[in-house]
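Report on one structure; see the data block that follows.
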Amino acid sequence: MSDIYAGIDLGTDSIKVVVAEKKNEKYFVLAAVSSPSEGIQNGFIVDTKSAISSIKSAVRQASDSLGMKITKVIACIPPSNCKMNIVVGNSNVIDYNEITGVDVSNVLLSAIKKYDFTNDELVTAMPINFTIDDKKSVLDPKGMKGSVLETKVVISTVPKEPLYRILEVLKLSGVEAVDIAFTSVGDYYSIKNKKYDELVGAIINIGEESTNISVFNKGIQIKNSTLLVGSSNVDKDLTYVFKSKLRESRKIKETFAVADSSYADINDVYTFSIDKDTTKTVNQVNVSKVVEARIQEILKLAKNEIKNLTNREIRYIIITGGLTEMSAFSYLVEQEFGFVAKIWNITTMGIRHNKYSSCYGILRYFDDKLALRGKKYNMFSKDDISAMLSIESSIPKENIINRVFGHFFDN
């Protein structure tokens with residue numbers, strides 16, 4: 001069977017669920033859902049009952065689209081209040097003839113055990129490199145020979161209570177989190193390539209109520225910061241200036257405004273209701289000036305935060321998040337950062353929207369993590385697929401399962 005993974009991203013505005021299959025080193029999206037979110041703020045649970053209802057709805061929609069029930073997921077965790085430390089471990093190789101995934105797991109465990117987890121919980125453990133006897137700076141030791149394996153690992157932790165609450169709410173919603181990863185790690189893995197794996201860079205994710213800035217060194221997250229300003233501030237600005245209702249302001253932002261007002265059309269107008277008897281008409285230039293001012297502020301704050309996080313030379317800056325889908329956004333990015341920065345546009349069929357970057361990326365992270373340890377894992381067993389087959393006749397022909405059914409089997 002091929003490798004099929006499901007991921008979930010608990011956002012303030014929406015819950016994203018992505019199911020993807022890896023086949024022949026390529027990823028195929030089998031289902032993707034973005035469903036309204038309640039009870040969740042900046043990735044944390046603020047209302048358990050509402051959060052459970054929102055998660056159940058999102059998972060149900062994804063399951064219906066897939067044609068199989070989703071019960072296991074990789075969960076995106078907000079990197080707020082995260083800590084990053086370097087630990088070192090070593091272990092004897094079980095069989096001198098060849099280092100296996102078991103040896104890799106053993107040496108990573110030996111490093112992790114040296115950290116005090118009294119108040120924090122482990123989220124990721126990303127090896128910088130391995131040493132095999134006298135062979136240093138090995139990235140993947142499997143298949144090589146040696147007697148002692150050593151590693152240097154960057155471990156990331158978060159406070160236990162908010163993390164456990166996320167995991168418990170997922171469980172109460174009917175899904176088990178088989179692994180977790182930061183949204184920022186998901187963002188990196190959605191853009192990961194050999195070039196970025198050799199450089200120091202930053203990823204800016206403009207979320208609904210916050211903007212996350214993370215610094216990566218050779219593919220490993222080393223710094224993180226969160227600004228309490230995001231896409232919803234644009235909505236509030238429009239509401240304040242034009243007296244529109246907040247829901248209407250969001251619609252104006254998403255369907256009418258242009259990020260860079262110099263590309264707006266003064267003759268293009270938008271009419272909306274203020275109350276039962278009153279309407280108001282605004283032109284695109286005036287609307288876009290309000291939007292532009294807030295986006296420029298967010299970009300400036302993020303730029304300053306990158307400088308505060310590291311004094312290393314930043315070789316790339318990737319900006320993502322749903323707000324970056326706005327027309328002419330790239331021009332503001334170029335004005336603020338120059339050509340070192342760019343918007344990451346997801347081109348994978350089925351998720352061609354930047355709001356999916358974290359959720360899609362953690363699936364690739366999970367697969368990479370398994371590969372290093374020489375393991376395989378499938379969130380949908382043969383029994384799951386057999387059960388689906390027994391009701392195949394009731395599945396609509398347009399269902400995604402029918403279109404890609406052959407991918408589930410080796411033959």
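Chain lettering (A, B, ...) mirrors the order of the structure tokens, residue numbering begins at 1 for each chain separately, and ligand numbering begins at 1 in order of display.
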Q | Who sits within 12 Å of Glu121 of chain A, only C-alpha atoms, same chain under 5 positions skipped, as a list of chain:residue names | A |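 These residues fall inside the cut-off: A:Ile77, A:Asn81, A:Cys82, A:Lys83, A:Met84, A:Ile112, A:Tyr115, A:Asp116, A:Ile155, A:Ser156, A:Thr157, A:Val158, A:Pro159, A:Lys160, A:Glu161, A:Pro162, A:Leu163, A:Tyr164, A:Ile180, A:Ala181.
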I'd like the contact shell of segment 6-21 of chain A - 8 Å cut-off, only C-alpha atoms, skipping same-chain residues fewer than 4 positions apart - returned as a short mmCIF file (atom, residue, chain, number, x, y, z; two decimals) with C-alpha atoms, in the first residue's frame.
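Saved to out-v7.cif:
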```cif
data_model
loop_
_atom_site.label_atom_id
_atom_site.label_comp_id
_atom_site.auth_asym_id
_atom_site.auth_seq_id
_atom_site.Cartn_x
_atom_site.Cartn_y
_atom_site.Cartn_z
CA SER A 2 1.05 3.57 -0.58
CA TYR A 27 2.25 13.89 -3.03
CA PHE A 28 -1.35 13.69 -4.20
CA VAL A 29 -4.07 15.48 -2.26
CA LEU A 30 -7.05 13.19 -1.82
CA ALA A 31 -9.19 15.52 0.27
CA ALA A 32 -8.95 19.08 1.55
CA VAL A 33 -11.44 20.98 3.69
CA SER A 34 -11.49 24.46 5.20
CA SER A 35 -14.37 24.69 7.67
CA PRO A 36 -15.46 27.56 9.96
CA SER A 37 -13.83 27.49 13.38
CA GLU A 38 -15.25 28.38 16.78
CA GLY A 39 -13.77 28.01 20.24
CA ILE A 40 -10.19 28.28 18.97
CA GLN A 41 -7.95 31.32 19.17
CA ASN A 42 -4.43 31.43 17.77
CA GLY A 43 -4.34 27.64 17.77
CA PHE A 44 -5.36 27.32 21.43
CA SER A 54 -16.07 22.72 14.79
CA ILE A 55 -13.51 19.92 14.59
CA ALA A 58 -14.39 19.67 9.50
CA VAL A 59 -13.37 16.03 9.91
CA ALA A 62 -13.14 15.60 4.84
CA ILE A 70 -10.71 9.88 9.34
CA LYS A 72 -6.03 9.56 12.97
CA VAL A 73 -4.30 12.85 12.20
CA ILE A 74 -1.07 14.75 12.50
CA ALA A 75 -1.92 17.94 14.39
CA CYS A 76 -0.52 21.41 13.82
CA ILE A 77 0.52 23.06 17.09
CA THR A 183 2.56 25.17 12.13
CA GLU A 208 -6.21 35.53 11.36
CA GLU A 209 -5.26 37.16 14.66
CA TYR A 356 -3.29 25.17 3.57
CA SER A 358 0.88 24.45 7.43
CA CYS A 359 -1.53 21.53 7.20
CA TYR A 360 -0.08 20.23 3.94
CA ILE A 362 3.17 18.65 8.27
CA LEU A 363 2.27 15.63 6.13
CA MET A 379 -3.37 6.14 8.78
#
```
Q: Please indicate the distance in Å from atom CA of Asn308 of chain A to atom CA of Val215 of chain A, rounded to one decimal place.
A: 10.9 Å
Q) Using only C-alpha atoms, which residues sit within 10 Å of Ser147 of chain A once same-chain residues fewer than 5 positions away are excluded, as a list of chain:residue names? A)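 Using only C-alpha atoms, the neighbours found are A:Ser91, A:Asn92, A:Val93, A:Ile94, A:Asp95, A:Tyr96, A:Asn97, A:Glu98, A:Ile99, A:Ile132, A:Asp133.
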Dump of C-alpha atoms for the selected residues, as a compact mmCIF listing (two decimals), in the first residue's frame:
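result-v5.txt written:
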```
# COMPACT_ATOMS: atom_id res chain seq x y z
CA SER A 91 24.41 4.80 21.39
CA ASN A 92 26.09 1.61 20.28
CA VAL A 93 25.10 0.28 16.87
CA ILE A 94 23.15 -2.98 17.20
CA ASP A 95 24.70 -4.63 14.16
CA TYR A 96 28.11 -3.33 13.09
CA ASN A 97 27.47 -4.42 9.52
CA GLU A 98 24.77 -1.83 8.93
CA ILE A 99 23.10 1.06 10.74
CA ILE A 132 29.56 7.44 12.96
CA ASP A 133 32.78 6.65 14.83
```
**Q.** DSSP-assigned helix (DSSP H, G or I) among segment 52-233 of chain A, expressed as an NGL selection string
**A.** :A and (52-66 or 101-112 or 160-172 or 183-191 or 196-198 or 231-233)
Suppose we keep C-alpha atoms; can you now write the selection as a PDB file, in the first residue's frame?
```
ATOM      1  CA  ILE A  52     -15.246  20.009  19.458  1.00  0.00           C
ATOM      2  CA  SER A  53     -18.263  20.874  17.312  1.00  0.00           C
ATOM      3  CA  SER A  54     -16.067  22.721  14.789  1.00  0.00           C
ATOM      4  CA  ILE A  55     -13.512  19.918  14.590  1.00  0.00           C
ATOM      5  CA  LYS A  56     -16.187  17.256  14.153  1.00  0.00           C
ATOM      6  CA  SER A  57     -17.727  19.226  11.303  1.00  0.00           C
ATOM      7  CA  ALA A  58     -14.386  19.674   9.504  1.00  0.00           C
ATOM      8  CA  VAL A  59     -13.370  16.032   9.909  1.00  0.00           C
ATOM      9  CA  ARG A  60     -16.809  14.842   8.796  1.00  0.00           C
ATOM     10  CA  GLN A  61     -16.625  16.941   5.629  1.00  0.00           C
ATOM     11  CA  ALA A  62     -13.141  15.600   4.836  1.00  0.00           C
ATOM     12  CA  SER A  63     -14.234  12.025   5.542  1.00  0.00           C
ATOM     13  CA  ASP A  64     -17.249  12.400   3.260  1.00  0.00           C
ATOM     14  CA  SER A  65     -15.041  13.793   0.509  1.00  0.00           C
ATOM     15  CA  LEU A  66     -12.562  10.961   0.921  1.00  0.00           C
ATOM     16  CA  GLY A 101      16.348   2.922  11.439  1.00  0.00           C
ATOM     17  CA  VAL A 102      16.275   1.290  14.865  1.00  0.00           C
ATOM     18  CA  ASP A 103      19.766   2.649  15.564  1.00  0.00           C
ATOM     19  CA  VAL A 104      18.656   6.108  14.465  1.00  0.00           C
ATOM     20  CA  SER A 105      15.648   5.957  16.787  1.00  0.00           C
ATOM     21  CA  ASN A 106      17.856   4.757  19.664  1.00  0.00           C
ATOM     22  CA  VAL A 107      20.371   7.573  19.336  1.00  0.00           C
ATOM     23  CA  LEU A 108      17.644  10.209  19.037  1.00  0.00           C
ATOM     24  CA  LEU A 109      16.003   8.816  22.160  1.00  0.00           C
ATOM     25  CA  SER A 110      19.312   8.926  24.041  1.00  0.00           C
ATOM     26  CA  ALA A 111      19.579  12.638  23.225  1.00  0.00           C
ATOM     27  CA  ILE A 112      15.976  13.447  24.125  1.00  0.00           C
ATOM     28  CA  LYS A 160       2.209  20.996  28.792  1.00  0.00           C
ATOM     29  CA  GLU A 161      -1.254  22.267  29.764  1.00  0.00           C
ATOM     30  CA  PRO A 162      -2.323  24.017  26.509  1.00  0.00           C
ATOM     31  CA  LEU A 163      -0.877  21.207  24.413  1.00  0.00           C
ATOM     32  CA  TYR A 164      -2.669  18.503  26.386  1.00  0.00           C
ATOM     33  CA  ARG A 165      -5.897  20.446  26.040  1.00  0.00           C
ATOM     34  CA  ILE A 166      -5.556  20.470  22.241  1.00  0.00           C
ATOM     35  CA  LEU A 167      -4.900  16.725  22.202  1.00  0.00           C
ATOM     36  CA  GLU A 168      -7.818  16.025  24.536  1.00  0.00           C
ATOM     37  CA  VAL A 169     -10.219  18.089  22.435  1.00  0.00           C
ATOM     38  CA  LEU A 170      -9.097  16.230  19.315  1.00  0.00           C
ATOM     39  CA  LYS A 171      -9.736  12.942  21.118  1.00  0.00           C
ATOM     40  CA  LEU A 172     -13.185  14.071  22.229  1.00  0.00           C
ATOM     41  CA  THR A 183       2.560  25.174  12.129  1.00  0.00           C
ATOM     42  CA  SER A 184       5.865  26.858  11.286  1.00  0.00           C
ATOM     43  CA  VAL A 185       7.486  23.480  10.594  1.00  0.00           C
ATOM     44  CA  GLY A 186       4.552  22.689   8.336  1.00  0.00           C
ATOM     45  CA  ASP A 187       5.108  25.969   6.508  1.00  0.00           C
ATOM     46  CA  TYR A 188       8.765  25.105   5.941  1.00  0.00           C
ATOM     47  CA  TYR A 189       8.063  21.611   4.693  1.00  0.00           C
ATOM     48  CA  SER A 190       5.516  22.948   2.227  1.00  0.00           C
ATOM     49  CA  ILE A 191       8.352  24.908   0.553  1.00  0.00           C
ATOM     50  CA  TYR A 196      16.635  26.116   1.332  1.00  0.00           C
ATOM     51  CA  ASP A 197      18.082  23.148   3.236  1.00  0.00           C
ATOM     52  CA  GLU A 198      21.511  24.769   2.886  1.00  0.00           C
ATOM     53  CA  SER A 231      -5.682  39.472   8.910  1.00  0.00           C
ATOM     54  CA  SER A 232      -8.586  40.275  11.247  1.00  0.00           C
ATOM     55  CA  ASN A 233      -7.034  43.690  11.936  1.00  0.00           C
TER      56      ASN A 233
END
```
